[in-house]
$ cat model34.csv   # CSV, C-alpha atoms and all ligand atoms
chain,number,residue,atom,x,y,z
A,1388,MET,CA,28.4,-0.7,-22.7
A,1389,GLU,CA,28.4,1.9,-19.9
A,1390,LYS,CA,31.1,4.5,-19.6
A,1391,ILE,CA,30.6,4.5,-15.8
A,1392,ILE,CA,28.7,2.6,-13.2
A,1393,ILE,CA,28.2,4.0,-9.7
A,1394,ILE,CA,27.3,1.6,-6.9
A,1395,GLY,CA,25.6,3.2,-3.9
A,1396,SER,CA,23.3,6.1,-3.3
A,1397,GLY,CA,24.5,7.9,-0.2
A,1398,PRO,CA,26.2,11.3,-0.3
A,1399,ALA,CA,29.3,9.8,-2.0
A,1400,GLY,CA,27.5,7.9,-4.8
A,1401,LEU,CA,25.0,10.7,-5.6
A,1402,THR,CA,27.7,13.4,-5.6
A,1403,ALA,CA,29.7,11.2,-8.0
A,1404,ALA,CA,26.6,10.9,-10.1
A,1405,ILE,CA,26.0,14.6,-10.3
A,1406,TYR,CA,29.6,15.3,-11.4
A,1407,ALA,CA,29.6,12.4,-13.9
A,1408,ALA,CA,26.3,13.4,-15.3
A,1409,ARG,CA,27.4,17.0,-15.8
A,1410,ALA,CA,30.5,15.7,-17.5
A,1411,ASN,CA,28.2,13.9,-20.1
A,1412,LEU,CA,29.2,10.4,-18.9
A,1413,ALA,CA,25.5,9.3,-18.6
A,1414,PRO,CA,26.2,7.4,-15.4
A,1415,LEU,CA,24.2,4.4,-14.4
A,1416,LEU,CA,23.8,4.2,-10.7
A,1417,PHE,CA,22.7,1.2,-8.7
A,1418,GLU,CA,21.1,2.7,-5.6
A,1419,GLY,CA,20.7,-0.5,-3.7
A,1420,PHE,CA,17.5,-2.1,-2.4
A,1421,GLN,CA,18.3,-3.7,1.0
A,1422,SER,CA,22.0,-4.6,1.0
A,1423,GLY,CA,24.1,-2.4,3.3
A,1424,GLY,CA,21.3,-0.2,4.4
A,1425,MET,CA,18.7,1.5,2.2
A,1426,PRO,CA,18.7,3.7,-0.9
A,1427,GLY,CA,19.9,7.1,0.3
A,1428,GLY,CA,22.3,5.6,2.8
A,1429,GLN,CA,22.9,6.2,6.4
A,1430,LEU,CA,21.4,9.7,6.6
A,1431,MET,CA,18.0,8.1,5.9
A,1432,ILE,CA,18.0,6.8,9.5
A,1433,THR,CA,18.8,10.1,11.2
A,1434,THR,CA,16.5,13.0,11.9
A,1435,VAL,CA,18.2,16.4,11.5
A,1436,VAL,CA,21.6,17.0,9.9
A,1437,GLU,CA,23.1,20.2,11.3
A,1438,ASN,CA,26.6,20.1,9.9
A,1439,TYR,CA,26.0,19.8,6.2
A,1440,PRO,CA,27.0,23.2,4.7
A,1441,GLY,CA,24.2,25.3,3.2
A,1442,PHE,CA,21.5,24.6,5.7
A,1443,PRO,CA,21.8,27.1,8.5
A,1444,LYS,CA,18.9,25.7,10.4
A,1445,GLY,CA,19.8,22.0,9.6
A,1446,ILE,CA,17.9,19.7,7.2
A,1447,GLY,CA,16.2,16.4,7.7
A,1448,GLY,CA,18.4,13.5,6.6
A,1449,GLN,CA,15.7,12.1,4.2
A,1450,GLU,CA,15.1,15.5,2.8
A,1451,LEU,CA,18.8,16.1,2.1
A,1452,MET,CA,19.1,12.7,0.3
A,1453,ALA,CA,15.9,13.2,-1.7
A,1454,ALA,CA,17.3,16.5,-2.9
A,1455,MET,CA,20.7,14.9,-3.9
A,1456,ARG,CA,18.8,12.1,-5.7
A,1457,LEU,CA,16.7,14.6,-7.6
A,1458,GLN,CA,19.8,16.7,-8.6
A,1459,ALA,CA,21.5,13.5,-9.9
A,1460,LEU,CA,18.4,12.6,-12.0
A,1461,GLU,CA,18.0,16.2,-13.2
A,1462,TYR,CA,21.4,16.1,-15.0
A,1463,GLY,CA,20.8,12.7,-16.6
A,1464,THR,CA,21.8,10.0,-14.1
A,1465,ARG,CA,19.9,6.7,-14.6
A,1466,ILE,CA,19.0,5.2,-11.3
A,1467,ASN,CA,18.3,1.5,-10.9
A,1468,THR,CA,16.9,0.3,-7.5
A,1469,GLU,CA,18.7,-2.9,-7.2
A,1470,ASP,CA,21.5,-4.4,-5.1
A,1471,VAL,CA,24.7,-5.3,-6.8
A,1472,GLU,CA,25.2,-8.9,-6.1
A,1473,SER,CA,28.6,-9.5,-7.6
A,1474,VAL,CA,31.2,-7.9,-9.8
A,1475,ASP,CA,34.0,-9.0,-12.1
A,1476,PHE,CA,37.0,-6.7,-12.0
A,1477,SER,CA,39.4,-9.4,-13.4
A,1478,ARG,CA,38.8,-8.4,-17.0
A,1479,LYS,CA,38.1,-5.2,-18.9
A,1480,PRO,CA,35.4,-4.0,-19.5
A,1481,PHE,CA,34.4,-4.7,-15.9
A,1482,SER,CA,31.0,-6.2,-15.1
A,1483,VAL,CA,28.4,-5.7,-12.4
A,1484,THR,CA,25.6,-8.2,-11.8
A,1485,VAL,CA,22.3,-7.3,-10.3
A,1486,GLY,CA,19.0,-9.3,-10.1
A,1487,SER,CA,17.9,-8.2,-13.6
A,1488,GLY,CA,21.1,-9.0,-15.4
A,1489,THR,CA,24.8,-8.1,-15.9
A,1490,TYR,CA,26.0,-4.7,-17.0
A,1491,ASP,CA,29.5,-3.9,-18.5
A,1492,ALA,CA,31.3,-0.7,-17.9
A,1493,TYR,CA,34.7,0.8,-18.6
A,1494,SER,CA,35.0,2.4,-15.1
A,1495,ILE,CA,33.2,1.9,-11.8
A,1496,ILE,CA,32.9,3.9,-8.6
A,1497,VAL,CA,32.2,1.9,-5.5
A,1498,ALA,CA,30.3,4.0,-2.9
A,1499,THR,CA,28.5,1.4,-0.8
A,1500,GLY,CA,29.2,3.0,2.6
A,1501,ALA,CA,29.3,1.2,5.9
A,1502,THR,CA,26.8,-0.1,8.4
A,1503,ALA,CA,27.1,1.1,12.0
A,1504,ARG,CA,26.9,-1.9,14.3
A,1505,ARG,CA,24.0,-1.7,16.7
A,1506,LEU,CA,23.1,-3.4,19.9
A,1507,PRO,CA,20.5,-6.1,19.3
A,1508,LEU,CA,18.0,-5.0,21.9
A,1509,ASP,CA,14.2,-4.3,21.5
A,1510,SER,CA,14.5,-1.3,23.7
A,1511,GLU,CA,17.3,0.1,21.4
A,1512,GLN,CA,15.0,-0.2,18.3
A,1513,ARG,CA,12.1,1.5,20.2
A,1514,LEU,CA,14.2,4.4,21.4
A,1515,TRP,CA,16.4,4.8,18.3
A,1516,ASN,CA,16.6,8.5,17.4
A,1517,LYS,CA,14.8,9.3,20.6
A,1518,GLY,CA,18.0,9.7,22.6
A,1519,ILE,CA,20.0,6.8,21.1
A,1520,SER,CA,22.4,7.4,18.1
A,1521,ALA,CA,25.3,5.8,16.5
A,1522,CYS,CA,27.2,9.1,15.8
A,1523,ALA,CA,28.2,11.5,18.6
A,1524,VAL,CA,30.0,13.8,16.2
A,1525,CYS,CA,26.8,14.1,14.2
A,1526,ASP,CA,24.2,14.3,16.9
A,1527,GLY,CA,26.0,15.2,20.2
A,1528,GLY,CA,25.5,18.9,19.8
A,1529,LEU,CA,21.7,18.7,19.5
A,1530,PRO,CA,19.8,20.7,22.2
A,1531,ILE,CA,18.3,17.6,23.8
A,1532,PHE,CA,21.8,16.5,24.8
A,1533,ARG,CA,23.2,19.8,26.1
A,1534,ASN,CA,24.2,19.9,29.8
A,1535,LYS,CA,22.9,16.4,30.3
A,1536,GLU,CA,24.5,13.2,31.5
A,1537,LEU,CA,25.2,11.0,28.4
A,1538,ALA,CA,26.8,7.6,27.8
A,1539,VAL,CA,29.0,6.2,25.1
A,1540,ILE,CA,29.1,2.4,24.6
A,1541,GLY,CA,32.4,1.0,23.4
A,1542,GLY,CA,36.1,0.8,24.3
A,1543,GLY,CA,38.0,1.5,21.1
A,1544,ASP,CA,39.6,4.7,19.7
A,1545,SER,CA,36.3,5.9,18.2
A,1546,ALA,CA,34.4,5.4,21.4
A,1547,ILE,CA,36.9,7.5,23.4
A,1548,GLU,CA,37.0,10.2,20.7
A,1549,GLU,CA,33.2,10.3,20.6
A,1550,ALA,CA,33.1,10.5,24.4
A,1551,LEU,CA,35.7,13.3,24.5
A,1552,HIS,CA,33.7,15.2,21.9
A,1553,LEU,CA,30.6,14.9,24.0
A,1554,THR,CA,32.3,16.4,27.1
A,1555,GLN,CA,32.1,19.8,25.3
A,1556,PHE,CA,28.3,19.7,25.6
A,1557,ALA,CA,27.4,17.3,28.4
A,1558,SER,CA,27.5,17.7,32.1
A,1559,LYS,CA,29.0,14.2,32.4
A,1560,VAL,CA,29.9,11.3,30.0
A,1561,TYR,CA,29.9,7.7,31.0
A,1562,LEU,CA,32.0,5.4,28.9
A,1563,ILE,CA,30.6,1.9,29.2
A,1564,HIS,CA,32.9,-0.9,28.2
A,1565,ARG,CA,32.2,-4.7,28.4
A,1566,ARG,CA,35.8,-5.6,29.3
A,1567,ASP,CA,38.2,-4.8,32.2
A,1568,GLN,CA,40.5,-2.8,29.8
A,1569,LEU,CA,39.9,-0.4,27.0
A,1570,ARG,CA,41.1,-1.3,23.5
A,1571,ALA,CA,41.9,2.3,22.6
A,1572,SER,CA,45.4,3.7,22.1
A,1573,GLN,CA,47.2,4.6,25.4
A,1574,ILE,CA,47.2,8.3,24.8
A,1575,LEU,CA,43.4,8.3,24.4
A,1576,GLN,CA,42.9,6.1,27.4
A,1577,THR,CA,45.0,8.5,29.5
A,1578,ARG,CA,42.9,11.4,28.3
A,1579,ALA,CA,39.7,9.6,29.1
A,1580,GLN,CA,40.8,8.4,32.5
A,1581,HIS,CA,41.9,11.9,33.6
A,1582,HIS,CA,39.0,13.9,32.1
A,1583,PRO,CA,37.0,15.6,34.9
A,1584,LYS,CA,33.7,15.0,33.1
A,1585,MET,CA,34.2,11.4,32.2
A,1586,GLU,CA,33.6,8.2,34.2
A,1587,ILE,CA,34.6,4.8,32.8
A,1588,LEU,CA,32.4,1.9,33.7
A,1589,TYR,CA,34.3,-1.4,33.1
A,1590,ASN,CA,32.8,-4.9,32.8
A,1591,LYS,CA,29.4,-3.6,32.0
A,1592,VAL,CA,27.0,-4.7,29.2
A,1593,VAL,CA,23.8,-2.9,28.3
A,1594,GLU,CA,20.8,-4.9,29.4
A,1595,GLU,CA,18.1,-2.4,28.5
A,1596,PHE,CA,17.5,1.2,27.4
A,1597,LEU,CA,14.9,2.8,29.6
A,1598,GLY,CA,12.2,5.4,28.8
A,1599,GLU,CA,8.7,5.6,27.5
A,1600,THR,CA,8.9,8.1,24.6
A,1601,VAL,CA,12.5,9.3,25.0
A,1602,LEU,CA,15.6,7.7,26.6
A,1603,SER,CA,15.8,8.4,30.3
A,1604,GLY,CA,18.2,5.8,31.5
A,1605,ILE,CA,20.1,2.6,30.9
A,1606,ARG,CA,20.3,-0.7,32.9
A,1607,LEU,CA,23.7,-2.3,32.9
A,1608,LEU,CA,24.8,-5.8,33.9
A,1609,ASP,CA,28.2,-6.2,35.6
A,1610,THR,CA,29.8,-9.2,33.9
A,1611,VAL,CA,31.9,-10.1,36.9
A,1612,THR,CA,29.5,-9.7,39.8
A,1613,ASN,CA,26.4,-10.4,37.7
A,1614,THR,CA,24.6,-7.4,39.4
A,1615,ALA,CA,22.5,-4.9,37.6
A,1616,THR,CA,22.7,-1.1,38.0
A,1617,THR,CA,20.6,1.7,36.5
A,1618,ILE,CA,21.9,5.1,35.6
A,1619,ALA,CA,19.9,8.1,34.4
A,1620,ILE,CA,21.1,9.5,31.1
A,1621,ALA,CA,19.5,11.6,28.4
A,1622,GLY,CA,21.6,10.2,25.5
A,1623,ALA,CA,23.4,7.0,24.5
A,1624,PHE,CA,25.8,6.8,21.7
A,1625,GLU,CA,26.8,3.4,20.3
A,1626,ALA,CA,30.4,3.3,19.2
A,1627,ILE,CA,30.8,-0.4,18.7
A,1628,GLY,CA,32.2,-0.3,15.2
A,1629,HIS,CA,31.2,-0.1,11.5
A,1630,VAL,CA,31.1,-2.8,8.9
A,1631,PRO,CA,32.1,-1.5,5.4
A,1632,ASN,CA,29.7,-2.8,2.8
A,1633,THR,CA,32.2,-4.8,0.6
A,1634,SER,CA,31.0,-8.4,0.7
A,1635,PHE,CA,29.7,-8.3,-2.9
A,1636,LEU,CA,33.3,-7.5,-4.1
A,1637,SER,CA,34.6,-11.0,-3.1
A,1638,ASN,CA,38.0,-9.6,-2.3
A,1639,GLN,CA,38.6,-8.3,-5.8
A,1640,LEU,CA,39.9,-4.9,-4.4
A,1641,LYS,CA,42.5,-4.5,-1.8
A,1642,ILE,CA,40.9,-4.2,1.7
A,1643,ASP,CA,42.5,-3.2,4.9
A,1644,SER,CA,42.4,-5.1,8.2
A,1645,LEU,CA,39.1,-3.5,9.2
A,1646,GLY,CA,37.4,-4.2,5.9
A,1647,TYR,CA,37.7,-0.7,4.3
A,1648,ILE,CA,38.7,-0.5,0.6
A,1649,VAL,CA,42.3,0.8,0.3
A,1650,THR,CA,42.6,4.0,-1.8
A,1651,THR,CA,45.6,5.9,-2.7
A,1652,PRO,CA,46.2,8.7,-0.1
A,1653,GLY,CA,44.7,11.9,-1.4
A,1654,ALA,CA,42.9,10.1,-4.3
A,1655,THR,CA,40.1,7.6,-4.9
A,1656,THR,CA,42.0,5.1,-7.0
A,1657,THR,CA,42.0,1.5,-5.8
A,1658,SER,CA,44.1,-1.6,-6.4
A,1659,VAL,CA,42.4,-2.1,-9.7
A,1660,ASP,CA,43.1,0.4,-12.5
A,1661,GLY,CA,39.7,2.0,-13.6
A,1662,ILE,CA,37.9,1.2,-10.3
A,1663,PHE,CA,37.5,4.1,-7.8
A,1664,ALA,CA,36.1,4.1,-4.3
A,1665,ALA,CA,34.4,7.0,-2.4
A,1666,GLY,CA,32.8,7.7,0.9
A,1667,ASP,CA,32.6,5.6,4.1
A,1668,VAL,CA,33.4,2.4,2.3
A,1669,GLN,CA,37.0,3.7,2.1
A,1670,ASP,CA,37.0,6.0,5.1
A,1671,GLY,CA,37.2,4.6,8.6
A,1672,LYS,CA,38.3,7.9,10.0
A,1673,TYR,CA,36.0,10.8,9.3
A,1674,ARG,CA,32.7,9.1,8.4
A,1675,GLN,CA,30.8,12.3,7.7
A,1676,ALA,CA,28.4,13.2,4.9
A,1677,ILE,CA,30.4,16.1,3.6
A,1678,ALA,CA,33.6,14.1,3.5
A,1679,ALA,CA,31.7,11.3,1.6
A,1680,ALA,CA,30.3,13.9,-0.8
A,1681,GLY,CA,33.8,15.4,-1.3
A,1682,SER,CA,35.3,12.1,-2.1
A,1683,GLY,CA,32.4,11.3,-4.5
A,1684,CYS,CA,33.3,14.5,-6.4
A,1685,MET,CA,37.0,13.4,-6.5
A,1686,ALA,CA,36.0,9.9,-7.7
A,1687,ALA,CA,33.9,11.3,-10.6
A,1688,LEU,CA,36.7,13.7,-11.7
A,1689,GLU,CA,39.3,11.0,-11.5
A,1690,ALA,CA,37.1,8.6,-13.4
A,1691,GLU,CA,36.5,11.2,-16.1
A,1692,HIS,CA,40.2,11.8,-16.4
A,1693,TRP,CA,40.9,8.0,-16.5
A,1694,LEU,CA,38.2,7.5,-19.2
A,1695,SER,CA,39.6,10.2,-21.4
A,1696,THR,CA,43.3,9.0,-21.1
A,1697,HIS,CA,42.1,5.5,-22.0
A,1698,ALA,CA,40.2,6.8,-25.0
A,1699,HIS,CA,36.8,5.7,-23.7
A,1700,ILE,CA,35.3,9.2,-24.1
A,1801,LIG,P1,26.1,5.5,2.9
A,1801,LIG,O1,25.4,6.7,3.3
A,1801,LIG,O2,26.4,4.5,3.9
A,1801,LIG,O3,25.4,5.0,1.6
A,1801,LIG,C1,25.8,3.7,1.1
A,1801,LIG,C2,24.8,3.4,-0.1
A,1801,LIG,O4,25.2,2.2,-0.7
A,1801,LIG,C3,23.4,3.1,0.4
A,1801,LIG,O5,22.6,3.8,-0.6
A,1801,LIG,C4,23.2,1.6,0.2
A,1801,LIG,O6,21.9,1.3,-0.2
A,1801,LIG,C5,24.1,1.4,-0.9
A,1801,LIG,N1,24.6,0.0,-1.0
A,1801,LIG,C6,25.3,-0.7,-0.1
A,1801,LIG,N2,25.5,-2.0,-0.6
A,1801,LIG,C7,25.1,-2.0,-1.9
A,1801,LIG,C8,25.0,-3.0,-2.9
A,1801,LIG,N3,25.6,-4.2,-2.8
A,1801,LIG,N4,24.5,-2.6,-4.1
A,1801,LIG,C9,24.0,-1.4,-4.3
A,1801,LIG,N5,24.0,-0.4,-3.4
A,1801,LIG,C10,24.5,-0.7,-2.1
A,1801,LIG,N6,27.1,12.6,8.9
A,1801,LIG,C11,27.1,13.9,8.9
A,1801,LIG,O7,27.9,14.6,8.2
A,1801,LIG,N7,26.2,14.6,9.7
A,1801,LIG,C12,25.2,14.0,10.4
A,1801,LIG,O8,24.4,14.6,11.1
A,1801,LIG,C13,25.3,12.5,10.4
A,1801,LIG,N8,24.4,11.8,11.2
A,1801,LIG,C14,24.5,10.5,11.2
A,1801,LIG,C15,23.5,9.8,12.0
A,1801,LIG,C16,23.6,8.4,12.0
A,1801,LIG,C17,22.6,7.6,12.9
A,1801,LIG,C18,24.5,7.7,11.2
A,1801,LIG,C19,24.6,6.2,11.2
A,1801,LIG,C20,25.4,8.4,10.4
A,1801,LIG,C21,25.4,9.8,10.4
A,1801,LIG,N9,26.3,10.5,9.7
A,1801,LIG,C22,26.3,11.9,9.6
A,1801,LIG,C23,27.4,9.8,8.8
A,1801,LIG,C24,26.9,9.9,7.4
A,1801,LIG,O9,25.6,9.3,7.3
A,1801,LIG,C25,27.9,9.0,6.5
A,1801,LIG,O10,29.2,9.5,6.7
A,1801,LIG,C26,27.5,9.1,5.1
A,1801,LIG,O11,26.2,8.7,4.9
A,1801,LIG,C27,28.4,8.2,4.2
A,1801,LIG,O12,28.0,8.3,2.9
A,1801,LIG,P2,28.3,7.2,1.8
A,1801,LIG,O13,27.8,7.7,0.6
A,1801,LIG,O14,29.7,6.9,1.9
A,1801,LIG,O15,27.6,5.9,2.3
$ encode --input "model34.csv" --output "structure tokens"
Amino acid sequence: MEKIIIIGSGPAGLTAAIYAARANLAPLLFEGFQSGGMPGGQLMITTVVENYPGFPKGIGGQELMAAMRLQALEYGTRINTEDVESVDFSRKPFSVTVGSGTYDAYSIIVATGATARRLPLDSEQRLWNKGISACAVCDGGLPIFRNKELAVIGGGDSAIEEALHLTQFASKVYLIHRRDQLRASQILQTRAQHHPKMEILYNKVVEEFLGETVLSGIRLLDTVTNTATTIAIAGAFEAIGHVPNTSFLSNQLKIDSLGYIVTTPGATTTSVDGIFAAGDVQDGKYRQAIAAAGSGCMAALEAEHWLSTHAHI
């Protein structure tokens, strides 16, 4: 019987593990294998992280995650490289099933993150991290994007917020949307439409990202006139949504309309007593590593308190 099982090995899961291990809870962490990304989470697919405190010159995403993993191991976390396939939260103790068997635990922290939707284009794969990113807040301030013309692809609130964020660094920001109207809230639409550095291109889909070694432009197809245009840009930011990694839960936790686990405001408790959620899987708003790590800390402290009040430790 485990005191605590943690599912996920991004900043949220590993921070929870560090706290739980230091509280002598001997956590068992399933770091995943191929479901919902890769062990280490979303930062494994980025180059440099410049906004994680403690690294004045930035740190490589993989290097940061390797250090967090080592720190979790150092204090006694047991890490199992498997995907959680299903869970049973209908009875106590809870159970978690992976390929090698089923494990029981008094408490569980779900930290399985979210997957950024990406455009299914070969040119996108080729130029990923070479001018194409899925996170303007994370990467928009990098020197390669400063004072350059950039594009954001999408039409919802996140797309406009990301585009507005980029106007601080870019000489111009195109917002490329496949429909004739944006989906974002009216207030954001108005800000985008009146921003002197922004131009909204409606009814346009991305046909191809252009460039040999780095992104240099984008070819768009007009869905009404069926004509193609090319614009020169140094950066493209996809803001076409995220999918929280919750399918293995089979609706056993309360989920919101966008698929995020519902947690109590200001806490990590979920609709099932004894189950906690941390990181992007319950945060459709901030989606940043430090926020994920912070909520991982909260989840571990709340789980520790819950275990002690239920006489499991
Ligand atoms: P994730 O990092 O998504 O990790 C989820 C983990 O769960 C993974 O280890 C996965 O393997 C595991 N998992 C999923 N399903 C299962 C399962 N069924 N069983 C077991 N394990 C499972 N943020 C910043 O602060 N700064 C940046 O510079 C920055 N750059 C970014 C660049 C890109 C391209 C992207 C996509 C994101 C970036 N972010 C950045 C955002 C940041 O990566 C996320 O906010 C953060 O990683 C969320 O952490 P998490 O622990 O909640 O989830």
$ residues_near_ligand --input "model34.csv" --ligand "ligand LIG 1801 (chain A)" --cutoff "6 Å" --atoms "all atoms listed in the file" --output "JSON, numbers by chain"
{"A": [1394, 1395, 1396, 1397, 1398, 1399, 1400, 1417, 1418, 1419, 1420, 1422, 1423, 1424, 1425, 1426, 1427, 1428, 1429, 1430, 1432, 1433, 1436, 1437, 1438, 1439, 1470, 1471, 1472, 1498, 1499, 1500, 1501, 1503, 1520, 1521, 1522, 1525, 1526, 1632, 1635, 1666, 1667, 1668, 1674, 1675, 1676, 1677, 1679]}
$ residues_around --input "model34.csv" --residues "A:Met1455" --least-positions-apart "3" --cutoff "10 Å" --atoms "all atoms listed in the file" --output "list of chain:residue names"
A:Ser1396, A:Gly1397, A:Pro1398, A:Gly1400, A:Leu1401, A:Thr1402, A:Ala1404, A:Ile1405, A:Gly1427, A:Gln1449, A:Glu1450, A:Leu1451, A:Met1452, A:Gln1458, A:Ala1459, A:Leu1460, A:Glu1461
$ write_last_selection --input "model34.csv" --atoms "C-alpha atoms" --output "PDB file, in the frame of the given file"
ATOM      1  CA  SER A1396      23.300   6.100  -3.300  1.00  0.00           C
ATOM      2  CA  GLY A1397      24.500   7.900  -0.200  1.00  0.00           C
ATOM      3  CA  PRO A1398      26.200  11.300  -0.300  1.00  0.00           C
ATOM      4  CA  GLY A1400      27.500   7.900  -4.800  1.00  0.00           C
ATOM      5  CA  LEU A1401      25.000  10.700  -5.600  1.00  0.00           C
ATOM      6  CA  THR A1402      27.700  13.400  -5.600  1.00  0.00           C
ATOM      7  CA  ALA A1404      26.600  10.900 -10.100  1.00  0.00           C
ATOM      8  CA  ILE A1405      26.000  14.600 -10.300  1.00  0.00           C
ATOM      9  CA  GLY A1427      19.900   7.100   0.300  1.00  0.00           C
ATOM     10  CA  GLN A1449      15.700  12.100   4.200  1.00  0.00           C
ATOM     11  CA  GLU A1450      15.100  15.500   2.800  1.00  0.00           C
ATOM     12  CA  LEU A1451      18.800  16.100   2.100  1.00  0.00           C
ATOM     13  CA  MET A1452      19.100  12.700   0.300  1.00  0.00           C
ATOM     14  CA  GLN A1458      19.800  16.700  -8.600  1.00  0.00           C
ATOM     15  CA  ALA A1459      21.500  13.500  -9.900  1.00  0.00           C
ATOM     16  CA  LEU A1460      18.400  12.600 -12.000  1.00  0.00           C
ATOM     17  CA  GLU A1461      18.000  16.200 -13.200  1.00  0.00           C
TER      18      GLU A1461
END
$ atom_distance --input "model34.csv" --atom1 "atom CA of A:Thr1464" --atom2 "atom CA of A:Ser1482"
18.7 Å
$ closest_residue --input "model34.csv" --among "A:Ile1620, A:Leu1508, A:Ala1579, A:Val1592" --to "A:Ala1557" --atoms "only C-alpha atoms"
A:Ile1620
$ atom_distance --input "model34.csv" --atom1 "atom CA of A:Val1435" --atom2 "atom CA of A:Leu1602"
17.6 Å
$ residues_around --input "model34.csv" --residues "stretch 1562-1578 of chain A" --least-positions-apart "4" --cutoff "9 Å" --atoms "only C-alpha atoms" --output "ChimeraX atom specification"
/A:1537-1548,1550-1551,1582,1585-1593,1607,1609-1610
$ closest_residue --input "model34.csv" --among "A:Ala1621, A:Arg1456, A:Ser1494, A:Gly1445" --to "A:Asn1516" --atoms "all atoms listed in the file"
A:Ala1621
$ residues_near_point --input "model34.csv" --point "(29.0, -7.6, -12.5)" --cutoff "12 Å" --atoms "all atoms listed in the file" --output "PyMOL selection string"
chain A and resi 1392-1394+1417+1470-1495+1635-1637+1639
$ residues_around --input "model34.csv" --residues "A:His1699" --least-positions-apart "5" --cutoff "10 Å" --atoms "all atoms listed in the file" --output "MDAnalysis selection string"
chainID A and resid 1389:1390 1493:1494 1691 1693:1694
$ atom_distance --input "model34.csv" --atom1 "atom CA of A:Gly1653" --atom2 "atom CA of A:Ile1391"
21.5 Å
$ closest_residue --input "model34.csv" --among "A:Gly1646, A:Gly1441, A:Met1388, A:Thr1502" --to "A:Ala1413" --atoms "all atoms listed in the file"
A:Met1388
$ residues_near_point --input "model34.csv" --point "(39.9, 2.2, 0.5)" --cutoff "10 Å" --atoms "all atoms listed in the file" --output "PyMOL selection string"
chain A and resi 1497+1631+1640-1643+1646-1652+1654-1658+1663-1671
$ residues_around --input "model34.csv" --residues "A:Thr1617" --least-positions-apart "5" --cutoff "10 Å" --atoms "all atoms listed in the file" --output "list in words"
Val1593, Glu1594, Glu1595, Phe1596, Leu1597, Gly1604, Ile1605, Arg1606, Leu1607 and Leu1608 of chain A
$ build_atoms --input "model34.csv" --residues "stretch 1621-1632 of chain A" --atoms "N, CA and C atoms" --output "mmCIF file, keeping the file's coordinate frame"
data_model
loop_
_atom_site.group_PDB
_atom_site.id
_atom_site.type_symbol
_atom_site.label_atom_id
_atom_site.label_comp_id
_atom_site.auth_asym_id
_atom_site.auth_seq_id
_atom_site.Cartn_x
_atom_site.Cartn_y
_atom_site.Cartn_z
ATOM 1 N N ALA A 1621 20.419 11.072 29.378
ATOM 2 C CA ALA A 1621 19.500 11.600 28.400
ATOM 3 C C ALA A 1621 19.923 11.205 26.953
ATOM 4 N N GLY A 1622 21.126 10.638 26.826
ATOM 5 C CA GLY A 1622 21.600 10.200 25.500
ATOM 6 C C GLY A 1622 22.540 9.072 25.570
ATOM 7 N N ALA A 1623 22.437 8.163 24.611
ATOM 8 C CA ALA A 1623 23.400 7.000 24.500
ATOM 9 C C ALA A 1623 23.899 6.957 23.102
ATOM 10 N N PHE A 1624 25.209 6.826 22.977
ATOM 11 C CA PHE A 1624 25.800 6.800 21.700
ATOM 12 C C PHE A 1624 26.591 5.482 21.507
ATOM 13 N N GLU A 1625 26.163 4.700 20.540
ATOM 14 C CA GLU A 1625 26.800 3.400 20.300
ATOM 15 C C GLU A 1625 28.037 3.607 19.471
ATOM 16 N N ALA A 1626 29.178 3.173 19.967
ATOM 17 C CA ALA A 1626 30.400 3.300 19.200
ATOM 18 C C ALA A 1626 31.081 1.912 19.204
ATOM 19 N N ILE A 1627 30.353 0.955 18.627
ATOM 20 C CA ILE A 1627 30.800 -0.400 18.700
ATOM 21 C C ILE A 1627 31.264 -0.927 17.299
ATOM 22 N N GLY A 1628 31.575 0.027 16.451
ATOM 23 C CA GLY A 1628 32.200 -0.300 15.200
ATOM 24 C C GLY A 1628 31.280 -0.197 13.972
ATOM 25 N N HIS A 1629 31.915 -0.200 12.828
ATOM 26 C CA HIS A 1629 31.200 -0.100 11.500
ATOM 27 C C HIS A 1629 31.650 -1.289 10.673
ATOM 28 N N VAL A 1630 30.751 -1.757 9.828
ATOM 29 C CA VAL A 1630 31.100 -2.800 8.900
ATOM 30 C C VAL A 1630 31.024 -2.203 7.469
ATOM 31 N N PRO A 1631 32.165 -1.987 6.788
ATOM 32 C CA PRO A 1631 32.100 -1.500 5.400
ATOM 33 C C PRO A 1631 31.366 -2.485 4.514
ATOM 34 N N ASN A 1632 30.534 -1.955 3.601
ATOM 35 C CA ASN A 1632 29.700 -2.800 2.800
ATOM 36 C C ASN A 1632 30.484 -3.282 1.528
#
